[in-house]
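Q: Structure incoming, see below.
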Amino acid sequence: SIVILDFGSQYTQLIARRIREQNVFSVVLPCTAKIDEIQAQNPLAIILSGGPCSVYDADAPPADPEVLNLGLPVLGICYGLQFITHHLGGKVSPAPRREYGHAEVELIDRANPLFSEIPANIHVWMSHGDEALELPPGFHLTAKTANAVAGIANPERRIWAVQFHPEVHHTKQGSALLRNFLFSIVGAKPDWTPGHFIQSTVTAIRKKVGSGHAICALSGGVDSSVAAVLVNQAIGGQLTCVFVNNGVLRRDEFQKVQRNMRDNLGLNLVAVDASERFLAKLAGVTDPETKRKIIGNEFIAVFDDEAHRIAKQTGGVDWLVQGTLYPDVIESSSVKGPSQTIKSHHNVGGLPETMKLKLIEPLRDLFKDEVRRIGRDLHMPDDILQRQPFPGPGLAVRILGEVTPERVALLQEADDIVVAEIKAAGLYQQIWQSFAVLLPVKSVGVMGDQRTYAYTCAIRAVHSEDGMTADWVPLPYEVLKTISSRIVNEVRGINRVVYDITSKPPGTIEWE
Ligand code: XMP
């Protein structure tokens with residue numbers, strides 16, 4: 001694999017994704033990883049990421065410069081270039097002019113294999129406050145901007161570095177540069193494919209589980225569904241999936257998931273309709289965090305009951321399947337401090353603790369787009385793979401104030417219309433999330449000759465890469481018009497539709 005050492009750049013995961021897009025496996029390790037941890041990955045090459053620090057900061061991440069002496073090809077990116085410069089005898093100092101954003105770079109070393117087939121003048125993305133002032137012995141300048149060093153190399157030691165970010169899509173020739181590194185310099189083989197991944201994962205799961213029994217909490221979303229189908233392919237009858245109706249699912253979702261997962265994909269599925277139990281607990285509760293906690297706790301209780309029942313039937317459950325993805329894994333081992341909890345998110349994770357189950361996390365090495373590719377190879381339908389994210393606490397965080405069965409039914413209808421119209425306009429897959437929110441605000445309207453006094457519904461549509469930040473989507477007026485008139489005409493109980501034009505930050509995506 002290609003080992004990427006993370007010095008804390010916001011783009012580190014992107015490097016890994018760009019490499020994997022070339023069908024080469026890559027892993028991200030914290031820059032503090034010990035040399036033997038790095039060696040344990042059987043690395044073909046090392047990439048040093050960017051990072052927010054200065055090499056001479058007292059709190060600069062303590063990475064072992066020995067990584068430059070392993071005899072492996074090294075590519076330094078941004079801070080990576082400064083790290084190499086600093087530790088191999090060059091000089092780094094604060095730049096008189098910070099370079100941030102778009103920049104023009106001249107690739108002056110035309111014989112450099114890293115720049116092969118790339119024009120001499122390219123447009124790149126820069127983000128740095130320090131610069132290399134003196135190159136280390138044995139290194140030469142390969143690229144420059146009007147102000148500073150933009151690339152250095154020591155081909156004998158097989159060390160290359162650039163000051164700009166080839167992984168960011170604003171760097172137009174970035175993928176070509178990474179391809180040159182992988183295939184011309186490192187000699188990597190593009191054999192990290194969905195087929196290869198499925199085959200090796202299935203074999204590994206079979207070996208690991210043996211004759212044991214596994215359970216999996218299905219949410220109907222992409223990750224848990226692909227994880228379940230993959231494990232099902234490995235151990236079939238030894239896997240039981242549990243799908244819980246928490247009373248705040250979308251319209252027909254409980255039936256749809258059963259049809260898809262049991263009838264179409266052949267999973268051994270236990271569907272538990274616990275909606276009354278959830279809705280009873282939610283009665284009278286209006287505080288957002290309390291609502292979230294109730295749903296989370298109730299889910300654990302229901303799942304735990306089922307797990308014990310399944311254990312009795314099967315003679316014991318040993319394994320829990322989870323759809324953990326690579327970004328969560330990197331996040332939890334990252335050098336950055338834990339970010340502040342804004343909302344208590346609860347995925348179907350860490351469950352159920354009392355049973356001391358061992359974990360199977362078949363997607364632990366994958367990014368979301370890779371999970372979709374795997375799902376496609378497993379012949380899973382697009383309506384599962386392309387589904388927009390849906391929060392664990394479901395419609396409860398989109399019904400402001402108290403959640404009642406009547407309000408759930410209203411929002412299910414409105415939500416159904418939003419999804420249908422966004423799909424009809426061909427926008428569903430381009431948008432991260434698009435949904436309706438039910439507000440406990442009643443206003444006066446008129447329908448025919450009748451005065452109405454009914455609820456307000458807000459429409460929310462956002463673009464996002466990962467849910468951490470988001471921009472509101474300027475939906476075409478025609479689409480908004482259809483959504484609005486359909487909701488007001490078809491959903492009795494809603495007489496006004498408004499559009500949410502708040503980005504994140506400062507708004508969050510969900511309203512609660
Ligand atoms: P916020 O509202 O925090 O949402 O901007 C960011 C993303 O997370 C989803 N979300 C959740 N997902 N359990 C989940 O699995 C939760 O409790 C939860 N709350 C929010 C939200 O839909 C958005 O994609």
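Here, A, B, ... name the chains of the structure tokens in the order displayed, residue numbers run from 1 inside each chain, and ligands are numbered from 1 in the same displayed order.
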Within 12 Å of region 445-453 of chain A, which residues of region 477-512 of chain A come that close, and what is the closest atom pair and distance in Å for each? Count only C-alpha atoms and give it as CSV.

A:
```
residue,atom,partner,partner_atom,distance
A:Ser485,CA,A:Met447,CA,11.8
A:Val488,CA,A:Met447,CA,9.4
A:Asn489,CA,A:Met447,CA,8.8
A:Glu490,CA,A:Met447,CA,11.9
A:Arg492,CA,A:Thr452,CA,9.9
A:Gly493,CA,A:Tyr453,CA,8.2
A:Ile494,CA,A:Tyr453,CA,8.6
A:Asn495,CA,A:Gly445,CA,6.3
A:Arg496,CA,A:Gly445,CA,7.7
A:Val497,CA,A:Gly445,CA,11.3
```

Q: Write out as an MDAnalysis selection string the residues lying within 8 Å of Val479 (chain A), counting only C-alpha atoms and excluding same-chain residues fewer than 2 positions away.

A: chainID A and resid 421:422 425 475:477 481:483

Q: Please determine, counting only C-alpha atoms and all ligand atoms, which residue among A:Arg407, A:Arg97, A:Leu218, A:Asn232 has the shortest atom-to-atom distance to ligand 1.

A: A:Leu218

Q: Quick check for you: according to DSSP on this backbone, which residues of region 213-328 of chain A are classed as strand (DSSP E or B)? Reply as an MDAnalysis selection string.

A: chainID A and resid 214:218 239:245 269:273 319:321

Q: Have a look at A:Thr290, A:Gln412, A:Ser211, A:Ser464 and name the one nearest to Ile431 (chain A); count only C-alpha atoms.

A: A:Ser464

Q: Can you tell me how far CA of Leu265 (chain A) sits from atom 24 (O, counted along the ligand's line) of ligand 1, in Å to one decimal?

A: 26.0 Å

Q: Counting only C-alpha atoms, what is within 6 Å of region 184-198 of chain A, bar same-chain residues fewer than 3 positions away, as an NGL selection string?

A: :A and (23-25 or 180-181 or 201-202 or 374)

Q: Can you pull out every residue within 9 Å of region 301-303 of chain A, counting only C-alpha atoms, but drop anything in the same chain fewer than 3 positions away, and send it as a PyMOL selection string?

A: chain A and resi 217+242-244+272+274+296-298+306-308+351-352

Q: Please, could you write that set of residues out with N, CA and C atoms as a PDB file, in the first residue's frame?

A:
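File produced: again03.pdb:
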```
ATOM      1  N   ALA A 217     -27.301  -4.520  12.732  1.00  0.00           N
ATOM      2  CA  ALA A 217     -28.425  -3.586  12.786  1.00  0.00           C
ATOM      3  C   ALA A 217     -28.497  -2.847  11.464  1.00  0.00           C
ATOM      4  N   VAL A 242     -31.142  -7.129  11.800  1.00  0.00           N
ATOM      5  CA  VAL A 242     -32.290  -6.616  12.543  1.00  0.00           C
ATOM      6  C   VAL A 242     -32.611  -5.219  12.033  1.00  0.00           C
ATOM      7  N   PHE A 243     -33.854  -5.025  11.651  1.00  0.00           N
ATOM      8  CA  PHE A 243     -34.274  -3.702  11.186  1.00  0.00           C
ATOM      9  C   PHE A 243     -35.427  -3.247  12.067  1.00  0.00           C
ATOM     10  N   VAL A 244     -35.255  -2.093  12.699  1.00  0.00           N
ATOM     11  CA  VAL A 244     -36.234  -1.633  13.682  1.00  0.00           C
ATOM     12  C   VAL A 244     -37.045  -0.460  13.127  1.00  0.00           C
ATOM     13  N   VAL A 272     -38.552  -5.541  13.167  1.00  0.00           N
ATOM     14  CA  VAL A 272     -39.257  -5.324  14.434  1.00  0.00           C
ATOM     15  C   VAL A 272     -40.022  -4.014  14.366  1.00  0.00           C
ATOM     16  N   ALA A 274     -41.372  -1.445  16.305  1.00  0.00           N
ATOM     17  CA  ALA A 274     -41.423  -0.945  17.682  1.00  0.00           C
ATOM     18  C   ALA A 274     -41.934   0.488  17.712  1.00  0.00           C
ATOM     19  N   GLY A 296     -32.181   7.058  20.921  1.00  0.00           N
ATOM     20  CA  GLY A 296     -30.955   6.268  21.006  1.00  0.00           C
ATOM     21  C   GLY A 296     -31.073   5.149  22.034  1.00  0.00           C
ATOM     22  N   ASN A 297     -31.551   5.492  23.212  1.00  0.00           N
ATOM     23  CA  ASN A 297     -31.654   4.489  24.289  1.00  0.00           C
ATOM     24  C   ASN A 297     -32.676   3.406  23.943  1.00  0.00           C
ATOM     25  N   GLU A 298     -33.792   3.837  23.386  1.00  0.00           N
ATOM     26  CA  GLU A 298     -34.849   2.891  23.043  1.00  0.00           C
ATOM     27  C   GLU A 298     -34.345   1.924  21.966  1.00  0.00           C
ATOM     28  N   GLU A 306     -33.711  -8.179  20.841  1.00  0.00           N
ATOM     29  CA  GLU A 306     -33.659  -9.033  19.659  1.00  0.00           C
ATOM     30  C   GLU A 306     -32.401  -9.886  19.652  1.00  0.00           C
ATOM     31  N   ALA A 307     -31.280  -9.230  20.006  1.00  0.00           N
ATOM     32  CA  ALA A 307     -30.004  -9.945  19.990  1.00  0.00           C
ATOM     33  C   ALA A 307     -30.067 -11.143  20.947  1.00  0.00           C
ATOM     34  N   HIS A 308     -30.655 -10.949  22.114  1.00  0.00           N
ATOM     35  CA  HIS A 308     -30.766 -12.060  23.065  1.00  0.00           C
ATOM     36  C   HIS A 308     -31.678 -13.160  22.547  1.00  0.00           C
ATOM     37  N   LEU A 351     -23.068  -1.303  19.821  1.00  0.00           N
ATOM     38  CA  LEU A 351     -24.223  -2.008  20.359  1.00  0.00           C
ATOM     39  C   LEU A 351     -24.041  -3.502  20.316  1.00  0.00           C
ATOM     40  N   PRO A 352     -24.678  -4.248  21.136  1.00  0.00           N
ATOM     41  CA  PRO A 352     -25.094  -3.852  22.477  1.00  0.00           C
ATOM     42  C   PRO A 352     -23.977  -4.250  23.427  1.00  0.00           C
TER      43      PRO A 352
END
```

Q: Where in region 186-393 of chain A does DSSP assign alpha helix (DSSP H), given as a PyMOL selection string?

A: chain A and resi 194-209+222-235+253-258+275-282+288-314+326-333+368-377+382-385

Q: Please identify all polymer residues within 6 Å of region 499-510 of chain A, counting only C-alpha atoms, omitting same-chain residues fewer than 6 positions from it, and present them as a ChimeraX atom specification.

A: /A:458-460,469-472

Q: Pick from A:Arg387, A:Arg20, A:Lys291, A:Lys172: nearest to Ser219 (chain A), with only C-alpha atoms counted?

A: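 Closest to Ser219 (chain A), using only C-alpha atoms: A:Arg387.
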
Q: Select, from A:Gly51, A:Gly89, A:Gly236, A:Pro43, the residue with the minimum atom-to-atom distance to Ser127 (chain A), counting only C-alpha atoms.

A: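 Using only C-alpha atoms, the shortest distance to Ser127 (chain A) belongs to A:Gly51.
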
Q: Got a sec: who's within 6 Å of Val124 (chain A), counting only C-alpha atoms, leaving out chain neighbours fewer than 3 positions off, as a list in words?

A: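 The filter keeps His102, Ala103 and Thr171 of chain A.
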
Q: Which residues are near region 155-160 of chain A? Cut-off 12 Å, only C-alpha atoms, ignore same chain within fewer than 5 positions. Put them as a PyMOL selection string.

A: chain A and resi 45-48+67-78+80-85+88+109+111-115+136-143+150+177-178+180-181+184-186

Q: Which is closest to Pro393 (chain A) among A:Val92, A:Ala120, A:Ile295, A:Cys241, if we use only C-alpha atoms?

A: A:Ile295

Q: From the list A:Gly221, A:Pro61, A:Pro96, A:Gly401, which residue is nearest ligand 1 when using only C-alpha atoms and all ligand atoms?

A: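 Of A:Gly221, A:Pro61, A:Pro96, A:Gly401, the one nearest ligand 1 is A:Gly221, counting only C-alpha atoms and all ligand atoms.
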
Q: State, in Å with one decimal place, the distance from CA of Pro327 (chain A) to CA of Gln163 (chain A).

A: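 Distance between the two atoms: 24.9 Å.
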
Q: State, in Å with one decimal place, the distance from CA of Leu249 (chain A) to CA of Ile417 (chain A).

A: 15.0 Å
